[in-house]
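So this one's target_33.tsv, TSV, C-alpha atoms:
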```tsv
chain	number	residue	atom	x	y	z
B	253	MET	CA	0.11	28.20	-19.13
B	254	GLN	CA	-2.82	30.62	-18.75
B	255	LEU	CA	-4.34	29.42	-22.01
B	256	ALA	CA	-3.90	25.83	-20.89
B	257	TRP	CA	-5.81	26.47	-17.65
B	258	LYS	CA	-8.62	28.24	-19.50
B	259	GLU	CA	-8.98	25.31	-21.87
B	260	ILE	CA	-9.14	22.82	-18.98
B	261	ARG	CA	-11.77	24.87	-17.13
B	262	HIS	CA	-13.82	25.35	-20.30
B	263	SER	CA	-13.90	21.63	-21.25
B	264	LYS	CA	-14.07	20.04	-17.79
B	265	GLY	CA	-15.73	16.83	-18.94
B	266	ARG	CA	-13.17	15.98	-21.59
B	267	TYR	CA	-10.15	16.72	-19.43
B	268	ALA	CA	-11.69	14.97	-16.41
B	269	LEU	CA	-11.80	11.79	-18.49
B	270	ILE	CA	-8.10	12.10	-19.32
B	271	LEU	CA	-7.34	12.87	-15.66
B	272	ALA	CA	-9.24	9.76	-14.56
B	273	VAL	CA	-7.18	7.60	-16.90
B	274	ILE	CA	-3.91	9.03	-15.55
B	275	VAL	CA	-5.09	8.56	-11.95
B	276	LEU	CA	-6.01	4.91	-12.50
B	277	VAL	CA	-2.80	4.15	-14.37
B	278	GLY	CA	-0.72	5.92	-11.72
B	279	TYR	CA	-2.55	4.15	-8.90
B	280	LEU	CA	-1.96	0.74	-10.46
B	281	SER	CA	1.68	1.55	-11.27
B	282	PHE	CA	2.48	2.66	-7.72
B	283	PHE	CA	0.68	-0.27	-6.15
B	284	LEU	CA	2.41	-2.85	-8.37
B	285	THR	CA	5.75	-1.14	-7.73
B	286	ALA	CA	5.25	-1.38	-3.96
B	287	LEU	CA	4.19	-5.02	-4.25
B	288	SER	CA	7.13	-5.85	-6.52
B	289	TYR	CA	9.60	-4.10	-4.22
B	290	GLY	CA	8.08	-5.77	-1.17
B	291	LEU	CA	8.40	-9.23	-2.73
B	292	ALA	CA	11.97	-8.53	-3.77
B	293	GLN	CA	12.88	-7.34	-0.27
B	294	ALA	CA	11.20	-10.38	1.28
B	295	ASN	CA	13.67	-12.51	-0.65
B	296	ARG	CA	16.79	-10.67	0.41
B	297	THR	CA	16.50	-8.55	3.59
B	298	SER	CA	18.49	-11.06	5.64
B	299	VAL	CA	21.22	-11.17	2.96
B	300	ASP	CA	21.38	-7.36	2.75
B	301	ALA	CA	21.91	-7.27	6.53
B	302	TRP	CA	25.15	-9.22	6.07
B	303	ASP	CA	26.74	-6.19	4.42
B	304	ALA	CA	28.97	-8.64	2.57
B	305	SER	CA	30.94	-8.42	-0.65
B	306	SER	CA	30.83	-12.08	-1.73
B	307	ILE	CA	30.08	-15.62	-0.62
B	308	LEU	CA	31.76	-19.01	-1.15
B	309	LEU	CA	29.51	-21.92	-2.08
B	310	SER	CA	30.07	-25.45	-3.32
B	311	ASP	CA	30.42	-25.47	-7.10
B	312	ASP	CA	27.56	-27.97	-7.60
B	313	ALA	CA	24.97	-25.81	-5.76
B	314	ASN	CA	24.07	-23.59	-8.75
B	315	GLY	CA	24.53	-20.53	-6.56
B	316	ASN	CA	21.82	-21.67	-4.14
B	317	LEU	CA	22.75	-21.50	-0.45
B	318	VAL	CA	20.25	-24.22	0.47
B	319	SER	CA	21.93	-26.69	-1.91
B	320	SER	CA	25.48	-25.82	-0.87
B	321	SER	CA	27.71	-27.57	1.65
B	322	VAL	CA	31.10	-26.69	3.09
B	323	THR	CA	33.26	-29.37	4.67
B	324	ARG	CA	35.58	-28.87	7.60
B	325	ALA	CA	38.60	-29.27	5.31
B	326	GLU	CA	37.35	-26.61	2.89
B	327	GLU	CA	36.55	-24.22	5.72
B	328	SER	CA	40.00	-24.66	7.25
B	329	LYS	CA	41.64	-23.87	3.90
B	330	VAL	CA	39.67	-20.64	3.60
B	331	LEU	CA	39.98	-19.49	7.20
B	332	GLY	CA	43.50	-20.70	7.70
B	333	THR	CA	42.56	-21.94	11.16
B	334	ASP	CA	41.09	-25.07	12.71
B	335	ALA	CA	37.33	-25.06	13.04
B	336	ASP	CA	35.68	-25.44	16.42
B	337	THR	CA	33.39	-28.50	16.47
B	338	GLU	CA	30.58	-27.04	18.57
B	339	ASN	CA	30.76	-23.47	17.27
B	340	THR	CA	32.14	-23.54	13.76
B	341	ALA	CA	35.10	-21.21	13.18
B	342	LYS	CA	34.57	-19.34	16.44
B	343	SER	CA	38.24	-18.43	16.34
B	344	GLY	CA	38.16	-17.39	12.68
B	345	THR	CA	38.37	-13.84	11.39
B	346	LYS	CA	35.16	-11.80	11.26
B	347	ASP	CA	35.96	-10.93	7.64
B	348	ILE	CA	34.90	-14.49	6.77
B	349	GLU	CA	31.92	-16.00	8.54
B	350	PRO	CA	30.31	-19.43	8.08
B	351	VAL	CA	26.54	-19.63	7.70
B	352	SER	CA	24.26	-22.69	7.64
B	353	VAL	CA	20.69	-22.74	6.36
B	354	LEU	CA	17.71	-24.99	7.00
B	355	GLN	CA	14.25	-24.43	5.53
B	356	ALA	CA	11.69	-26.02	7.83
B	357	VAL	CA	8.20	-25.72	9.30
B	358	THR	CA	8.27	-24.21	12.79
B	359	LYS	CA	5.66	-24.63	15.52
B	360	ILE	CA	5.17	-22.92	18.86
B	361	LYS	CA	5.73	-25.15	21.87
B	362	GLU	CA	3.36	-24.88	24.82
B	363	TYR	CA	3.67	-26.93	27.99
B	364	GLY	CA	6.26	-29.15	26.38
B	365	SER	CA	4.24	-29.99	23.24
B	366	THR	CA	3.82	-28.28	19.85
B	367	SER	CA	0.60	-26.51	18.90
B	368	GLY	CA	-0.90	-25.01	15.76
B	369	GLU	CA	-0.38	-25.83	12.10
B	370	GLY	CA	3.09	-24.31	11.97
B	371	PHE	CA	4.62	-21.75	9.65
B	372	ASN	CA	7.45	-21.76	7.14
B	373	THR	CA	10.77	-20.38	8.35
B	374	VAL	CA	14.42	-20.28	7.37
B	375	VAL	CA	16.87	-21.14	10.15
B	376	LEU	CA	20.31	-19.59	9.76
B	377	GLY	CA	23.14	-21.05	11.80
B	378	VAL	CA	25.81	-18.49	12.66
B	379	ARG	CA	28.68	-18.40	15.12
B	380	GLU	CA	28.36	-16.99	18.62
B	381	ASP	CA	29.82	-13.54	17.96
B	382	SER	CA	28.46	-13.27	14.41
B	383	THR	CA	27.96	-9.90	12.78
B	384	LEU	CA	25.53	-11.40	10.26
B	385	ILE	CA	22.61	-10.92	12.66
B	386	PRO	CA	20.67	-7.65	12.07
B	387	GLN	CA	20.18	-5.08	14.80
B	388	LEU	CA	17.89	-6.14	17.63
B	389	VAL	CA	14.60	-4.27	18.06
B	390	SER	CA	13.59	-6.04	21.29
B	391	GLY	CA	14.91	-8.67	23.70
B	392	ARG	CA	18.54	-9.72	23.84
B	393	ASN	CA	21.12	-11.83	22.00
B	394	ALA	CA	21.14	-15.61	22.38
B	395	ALA	CA	23.32	-16.74	25.27
B	396	ASP	CA	23.67	-20.43	24.36
B	397	GLU	CA	22.77	-23.04	21.76
B	398	LYS	CA	19.24	-23.47	23.13
B	399	GLU	CA	18.29	-19.84	22.50
B	400	ALA	CA	17.62	-17.93	19.28
B	401	VAL	CA	16.75	-14.51	17.91
B	402	ALA	CA	14.26	-14.12	15.10
B	403	SER	CA	13.01	-11.61	12.57
B	404	GLU	CA	10.32	-9.30	13.94
B	405	SER	CA	8.08	-10.49	11.08
B	406	LEU	CA	7.85	-13.80	12.95
B	407	SER	CA	6.04	-11.87	15.66
B	408	THR	CA	3.85	-9.62	13.51
B	409	LYS	CA	2.85	-12.28	10.97
B	410	ASP	CA	2.98	-15.56	12.92
B	411	GLY	CA	2.33	-14.43	16.48
B	412	VAL	CA	5.52	-15.71	18.12
B	413	GLN	CA	6.22	-13.87	21.38
B	414	LEU	CA	9.40	-13.24	23.35
B	415	GLY	CA	10.16	-16.08	25.74
B	416	GLU	CA	8.22	-18.69	23.74
B	417	SER	CA	9.90	-21.87	22.58
B	418	VAL	CA	9.59	-23.13	19.03
B	419	SER	CA	10.08	-26.57	17.50
B	420	VAL	CA	11.83	-26.58	14.11
B	421	GLY	CA	11.46	-29.35	11.53
B	422	ARG	CA	10.61	-33.02	11.92
B	423	ALA	CA	13.65	-33.56	14.12
B	424	GLY	CA	12.13	-31.11	16.58
B	425	TYR	CA	15.11	-28.80	17.18
B	426	THR	CA	13.92	-26.65	20.08
B	427	TYR	CA	14.88	-23.01	20.62
B	428	LYS	CA	13.69	-20.30	22.97
B	429	ILE	CA	13.11	-16.97	21.25
B	430	VAL	CA	14.91	-14.35	23.36
B	431	GLY	CA	15.09	-11.45	20.92
B	432	PHE	CA	13.70	-10.01	17.69
B	433	THR	CA	15.76	-8.35	14.96
B	434	LYS	CA	14.80	-5.91	12.23
B	435	THR	CA	12.78	-7.59	9.51
B	436	ALA	CA	15.02	-10.32	8.10
B	437	GLU	CA	13.64	-12.69	5.50
B	438	TYR	CA	15.12	-15.15	3.06
B	439	ASN	CA	13.17	-16.44	0.07
B	440	THR	CA	10.08	-14.66	1.48
B	441	GLU	CA	10.24	-16.57	4.81
B	442	PRO	CA	11.16	-15.09	8.24
B	443	VAL	CA	14.61	-15.98	9.55
B	444	ILE	CA	15.51	-17.51	12.91
B	445	TYR	CA	19.15	-17.09	13.95
B	446	VAL	CA	20.63	-19.93	16.00
B	447	ARG	CA	24.08	-21.14	16.96
B	448	ASN	CA	25.87	-22.94	14.13
B	449	GLY	CA	26.14	-26.70	14.70
B	450	THR	CA	22.83	-27.04	16.59
B	451	PHE	CA	21.00	-28.57	13.63
B	452	THR	CA	21.96	-31.02	10.93
B	453	LEU	CA	22.19	-29.79	7.37
B	454	PRO	CA	20.48	-31.97	4.72
B	455	SER	CA	23.84	-32.22	2.95
B	456	ALA	CA	25.34	-33.71	6.12
B	457	TYR	CA	23.04	-36.70	5.78
B	458	ALA	CA	24.17	-37.08	2.17
B	459	SER	CA	27.79	-37.19	3.30
B	460	MET	CA	26.97	-40.20	5.47
B	461	SER	CA	25.39	-42.21	2.64
B	462	SER	CA	28.18	-44.77	2.73
B	463	ASP	CA	27.37	-45.60	6.34
B	464	ALA	CA	23.66	-45.74	5.62
B	465	SER	CA	24.12	-48.18	2.75
B	466	VAL	CA	25.66	-50.72	5.10
B	467	THR	CA	22.76	-50.89	7.52
B	468	GLY	CA	20.01	-50.57	4.90
B	469	ALA	CA	16.46	-49.35	5.24
B	470	THR	CA	16.04	-50.71	8.78
B	471	ALA	CA	18.86	-48.56	10.07
B	472	ASP	CA	17.47	-45.52	8.27
B	473	SER	CA	14.10	-45.82	9.96
B	474	SER	CA	15.78	-46.44	13.30
B	475	SER	CA	17.96	-43.34	12.89
B	476	THR	CA	14.93	-41.20	12.03
B	477	ALA	CA	13.03	-42.45	15.05
B	478	THR	CA	16.01	-41.74	17.30
B	479	ALA	CA	16.36	-38.17	15.97
B	480	THR	CA	12.66	-37.50	16.47
B	481	SER	CA	12.51	-38.95	19.97
B	482	ALA	CA	15.68	-37.16	21.11
B	483	ASN	CA	14.28	-33.80	20.04
B	484	THR	CA	17.53	-31.99	20.92
B	485	GLN	CA	20.27	-30.09	19.19
B	486	GLN	CA	22.87	-32.54	20.48
B	487	GLN	CA	21.47	-35.18	18.10
B	488	SER	CA	22.53	-33.14	15.08
B	489	THR	CA	26.02	-32.75	16.49
B	490	ARG	CA	26.39	-36.53	16.85
B	491	ASN	CA	25.14	-37.09	13.29
B	492	ALA	CA	27.60	-34.62	11.82
B	493	ALA	CA	30.45	-36.03	13.87
B	494	SER	CA	29.81	-39.55	12.56
B	495	ALA	CA	31.42	-38.55	9.24
B	496	SER	CA	35.17	-38.36	8.91
B	497	SER	CA	36.72	-35.23	10.40
B	498	ASP	CA	37.73	-33.53	7.13
B	499	ASP	CA	34.60	-34.57	5.21
B	500	ALA	CA	32.10	-33.46	7.87
B	501	VAL	CA	29.72	-30.78	6.61
B	502	VAL	CA	30.00	-27.76	8.90
B	503	ALA	CA	28.26	-24.96	6.97
B	504	SER	CA	26.29	-24.09	3.86
B	505	GLY	CA	28.53	-21.23	2.77
B	506	LEU	CA	31.24	-18.82	3.82
B	507	VAL	CA	30.32	-15.13	3.80
B	508	ILE	CA	33.11	-12.71	2.84
B	509	ARG	CA	32.35	-9.39	4.55
B	510	ASN	CA	35.52	-7.53	3.64
B	511	ALA	CA	36.02	-6.95	-0.08
B	512	SER	CA	39.76	-6.49	0.43
B	513	ALA	CA	40.18	-9.77	2.33
B	514	LYS	CA	42.48	-12.20	0.56
B	515	VAL	CA	40.55	-15.43	0.14
B	516	SER	CA	41.89	-18.67	-1.30
B	517	VAL	CA	39.01	-20.50	-2.99
B	518	PRO	CA	39.47	-24.27	-2.53
B	519	ASP	CA	38.78	-26.80	-5.26
B	520	GLY	CA	35.10	-27.66	-5.33
B	521	MET	CA	33.96	-24.17	-4.31
B	522	VAL	CA	33.08	-20.98	-6.19
B	523	SER	CA	32.98	-17.32	-5.19
B	524	LEU	CA	29.89	-15.23	-6.03
B	525	ASP	CA	29.41	-11.51	-5.58
B	526	MET	CA	26.32	-10.68	-3.52
B	527	GLN	CA	24.18	-9.49	-6.42
B	528	SER	CA	24.81	-12.73	-8.32
B	529	PHE	CA	24.05	-14.68	-5.15
B	530	ILE	CA	20.77	-12.80	-4.64
B	531	ASN	CA	19.79	-13.35	-8.28
B	532	ASN	CA	20.18	-17.10	-7.67
B	533	ILE	CA	17.67	-17.12	-4.81
B	534	PRO	CA	14.84	-19.35	-6.14
B	535	GLY	CA	12.09	-17.24	-7.71
B	536	TYR	CA	13.78	-13.88	-7.14
B	537	GLN	CA	14.64	-12.97	-10.72
B	538	ALA	CA	11.33	-14.29	-12.07
B	539	GLN	CA	9.39	-12.05	-9.69
B	540	VAL	CA	11.47	-8.95	-10.37
B	541	LEU	CA	11.42	-9.35	-14.16
B	542	THR	CA	7.70	-10.14	-14.26
B	543	PHE	CA	6.70	-7.06	-12.31
B	544	ALA	CA	9.20	-4.87	-14.17
B	545	LEU	CA	7.67	-5.88	-17.52
B	546	MET	CA	4.14	-5.35	-16.18
B	547	ILE	CA	4.94	-1.87	-14.88
B	548	GLY	CA	6.88	-0.97	-18.03
B	549	PHE	CA	4.03	-1.98	-20.34
B	550	LEU	CA	1.52	-0.24	-18.08
B	551	VAL	CA	3.42	3.06	-18.25
B	552	GLY	CA	3.89	2.67	-22.00
B	553	VAL	CA	0.20	2.01	-22.59
B	554	SER	CA	-0.73	4.97	-20.39
B	555	ALA	CA	1.46	7.25	-22.48
B	556	LEU	CA	-0.19	5.94	-25.64
B	557	VAL	CA	-3.69	6.43	-24.24
B	558	VAL	CA	-2.98	9.96	-22.99
B	559	GLY	CA	-1.36	10.82	-26.33
B	560	ILE	CA	-4.40	9.55	-28.23
B	561	PHE	CA	-6.78	11.56	-26.04
B	562	ILE	CA	-4.73	14.74	-26.44
B	563	TYR	CA	-4.46	14.16	-30.21
B	564	ILE	CA	-8.23	13.74	-30.56
B	565	LEU	CA	-8.85	16.91	-28.54
B	566	THR	CA	-6.30	18.75	-30.69
B	567	MET	CA	-8.04	17.73	-33.89
B	568	HIS	CA	-11.40	18.77	-32.42
B	569	LYS	CA	-9.98	22.24	-31.80
B	570	ARG	CA	-8.73	22.88	-35.34
B	571	HIS	CA	-11.00	25.91	-35.70
B	572	LEU	CA	-9.74	27.37	-32.40
B	573	PHE	CA	-6.14	26.94	-33.45
B	574	GLY	CA	-6.99	28.50	-36.81
B	575	VAL	CA	-8.35	31.58	-35.04
B	576	LEU	CA	-5.23	31.78	-32.87
B	577	LYS	CA	-2.98	31.54	-35.93
B	578	ALA	CA	-5.04	34.20	-37.71
B	579	GLN	CA	-4.50	36.47	-34.70
B	580	GLY	CA	-0.77	36.00	-35.01
B	581	TYR	CA	-0.07	33.31	-32.42
B	582	SER	CA	2.83	31.12	-33.47
B	583	ASN	CA	2.95	27.33	-33.71
B	584	GLY	CA	5.38	27.31	-30.81
B	585	PHE	CA	2.94	29.15	-28.53
B	586	ILE	CA	0.10	26.75	-29.34
B	587	SER	CA	2.37	23.72	-28.94
B	588	ARG	CA	3.54	24.95	-25.55
B	589	SER	CA	-0.09	25.35	-24.52
B	590	ILE	CA	-0.83	21.73	-25.46
B	591	LEU	CA	2.24	20.49	-23.55
B	592	ALA	CA	1.29	22.64	-20.54
B	593	GLN	CA	-2.19	21.10	-20.48
B	594	THR	CA	-0.67	17.63	-20.53
B	595	LEU	CA	1.84	18.57	-17.81
B	596	ILE	CA	-0.92	19.89	-15.54
B	597	LEU	CA	-3.07	16.80	-16.05
B	598	SER	CA	-0.23	14.30	-15.68
B	599	VAL	CA	1.14	15.91	-12.50
B	600	ILE	CA	-2.26	16.18	-10.82
B	601	GLY	CA	-3.27	12.67	-11.93
B	602	THR	CA	0.02	11.16	-10.77
B	603	LEU	CA	-0.24	12.82	-7.35
B	604	ILE	CA	-3.81	11.62	-6.87
B	605	GLY	CA	-2.82	8.10	-7.95
B	606	LEU	CA	0.12	8.18	-5.51
B	607	LEU	CA	-2.12	9.31	-2.65
B	608	LEU	CA	-4.68	6.58	-3.37
B	609	SER	CA	-1.98	3.92	-3.53
B	610	LEU	CA	-0.48	5.06	-0.21
B	611	LEU	CA	-3.92	4.89	1.41
B	612	THR	CA	-4.41	1.38	0.04
B	613	ILE	CA	-0.98	0.25	1.24
B	614	ALA	CA	-1.72	1.65	4.71
B	615	VAL	CA	-4.75	-0.64	5.15
B	616	MET	CA	-3.16	-3.77	3.67
B	617	PRO	CA	-2.64	-6.66	6.15
B	618	VAL	CA	0.90	-7.29	7.39
B	619	THR	CA	0.90	-10.69	5.67
B	620	VAL	CA	1.09	-8.94	2.28
B	621	PRO	CA	4.75	-8.32	1.33
B	622	ILE	CA	4.33	-4.73	0.21
B	623	THR	CA	6.91	-1.98	0.80
B	624	VAL	CA	6.98	1.71	-0.10
B	625	SER	CA	10.17	2.78	-1.86
B	626	THR	CA	10.60	6.54	-2.16
B	627	TYR	CA	13.29	6.01	-4.78
B	628	TRP	CA	11.15	3.86	-7.09
B	629	PHE	CA	8.03	5.96	-6.50
B	630	ALA	CA	9.94	9.05	-7.61
B	631	ILE	CA	11.15	7.25	-10.74
B	632	ILE	CA	7.65	6.00	-11.61
B	633	SER	CA	6.23	9.52	-11.09
B	634	GLY	CA	8.85	11.02	-13.38
B	635	VAL	CA	8.35	8.36	-16.04
B	636	LEU	CA	4.55	8.79	-16.03
B	637	VAL	CA	4.85	12.56	-16.50
B	638	LEU	CA	7.62	12.25	-19.10
B	639	PHE	CA	5.84	9.63	-21.19
B	640	SER	CA	2.62	11.65	-21.08
B	641	LEU	CA	4.51	14.68	-22.42
B	642	ILE	CA	6.09	12.56	-25.14
B	643	GLY	CA	2.63	11.36	-26.18
B	644	ALA	CA	1.36	14.95	-26.22
B	645	ALA	CA	4.33	16.05	-28.32
B	646	PHE	CA	2.89	14.19	-31.30
B	647	SER	CA	-0.32	16.19	-30.92
B	648	ALA	CA	1.67	19.42	-30.74
B	649	ARG	CA	3.34	18.46	-33.98
B	650	ALA	CA	-0.01	18.29	-35.71
B	651	VAL	CA	-0.60	21.97	-34.90
B	652	SER	CA	2.10	23.05	-37.37
B	653	SER	CA	0.17	21.45	-40.24
B	654	ILE	CA	-3.03	23.37	-39.52
B	655	ASP	CA	-3.69	26.12	-42.07
B	656	ALA	CA	-5.49	29.14	-40.60
B	657	ILE	CA	-7.59	29.86	-43.73
B	658	GLU	CA	-8.57	26.18	-44.13
B	659	ALA	CA	-9.44	25.84	-40.44
B	660	LEU	CA	-11.69	28.94	-40.58
B	661	SER	CA	-13.47	27.96	-43.77
```
Full structure transcribed into structure tokens:
Amino acid sequence: MQLAWKEIRHSKGRYALILAVIVLVGYLSFFLTALSYGLAQANRTSVDAWDASSILLSDDANGNLVSSSVTRAEESKVLGTDADTENTAKSGTKDIEPVSVLQAVTKIKEYGSTSGEGFNTVVLGVREDSTLIPQLVSGRNAADEKEAVASESLSTKDGVQLGESVSVGRAGYTYKIVGFTKTAEYNTEPVIYVRNGTFTLPSAYASMSSDASVTGATADSSSTATATSANTQQQSTRNAASASSDDAVVASGLVIRNASAKVSVPDGMVSLDMQSFINNIPGYQAQVLTFALMIGFLVGVSALVVGIFIYILTMHKRHLFGVLKAQGYSNGFISRSILAQTLILSVIGTLIGLLLSLLTIAVMPVTVPITVSTYWFAIISGVLVLFSLIGAAFSARAVSSIDAIEALS
């Protein structure tokens, strides 16, 4: 180690160049890791808050909650109890909870009218006493179907305040935000939690296609105008109730919170474990795999570059190694010195890169989905140091082939 330090202090310029490369590679690796982890979390934080073991979806939904629909008959078979019309499965066991989803543009309402351009949100319909809602950070729980709690990111990113009313979708479902939860996002959009049954699922309209075909296009336009003018949650309840009792769509999926719960999966539905369900969130796997490959190649290239630099320096010091061998120093001692130099440089460079990335993350705007993960940062740090040592090991191997007499001649 002492010889390694002396070499670094003697050739500051050369080793500073290697250190700069490690710092830049480390900085980029940590930053991309934080961005990748932040994007991944923005897809799934609301799902992780469920603390569930599996979920039941319709078999034609391709594992996508937005495309899934659960009828009253299917829900009754799973829960083993009759569903409540206004508050779906309120009397059902908490081991199995229905959830409905609606992706829509939300606008803040002021003085009875909407304002602003709006922002993308995901509305999750849950039952009154649902345990799917994350812990509140401010405000209170919703007391009725006209109130809602939302992810705190809706406040930090979109400026929604406690007590404000929001209008959701073209139908204008109106809710008063009475509380904020821990950050809860689905498919990178903030989540608003409302009472199940207060909005109409897109699949519910599909279930009424037979009625719509009778009245034709005129009736369709009339129905849309009525829904828009009504601007209330009660409109969605009437639409859903117009279908037959057993065929009415009451939820998007059924969340199984207890892994030991005995669940009978009805025909037309499938059960997915939570990891499979998360992997089916649109865009999730593509993002994770893309960033994983980028970071992997970046670390691999950094190891190659550091190894090349160390190898070149080793070959430039053939005469020095020849003198050391002539003085009786073994190949093992010289090899350990080379590895020690690489260890010192890689550790210092990685720490500087980590510090720079943390400073950059600290000044990033809240709209950027970037999250620090101690676990992944530790892994990246270890991999950077390990790969650098592996690259240097090839240089150390070259020391054994150096002949003392030839190097001194």
Problem set entry | Spatial neighbours of range 597-600 of chain B, max dist 9 Å, all atoms listed in the file, sep filter under 5 positions, as a ChimeraX atom specification | /B:267-268,270-271,274-275,558,592,605,633,636-638,640-641
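Taking CA of Thr323 in chain B as the reference point, CA of Ser305 in chain B is found at 21.7 Å.
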For this session: For range 406-415 of chain B, please output as a count of residues only all residues within 10 Å (counting only C-alpha atoms; exclusion window: fewer than 4 positions along the same chain).
Result: 30
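Excluding Ile385 in chain B itself and any same-chain residue fewer than 5 positions from it, the protein and nucleic acid residues within 8 Å of it, counting all atoms listed in the file, are B:Ala301, B:Trp302, B:Thr433, B:Tyr445.
With distances restricted to all atoms listed in the file, B:Ala325 is the closest residue to Asp498 in chain B from B:Leu610, B:Val318, B:Val374, B:Ala325.
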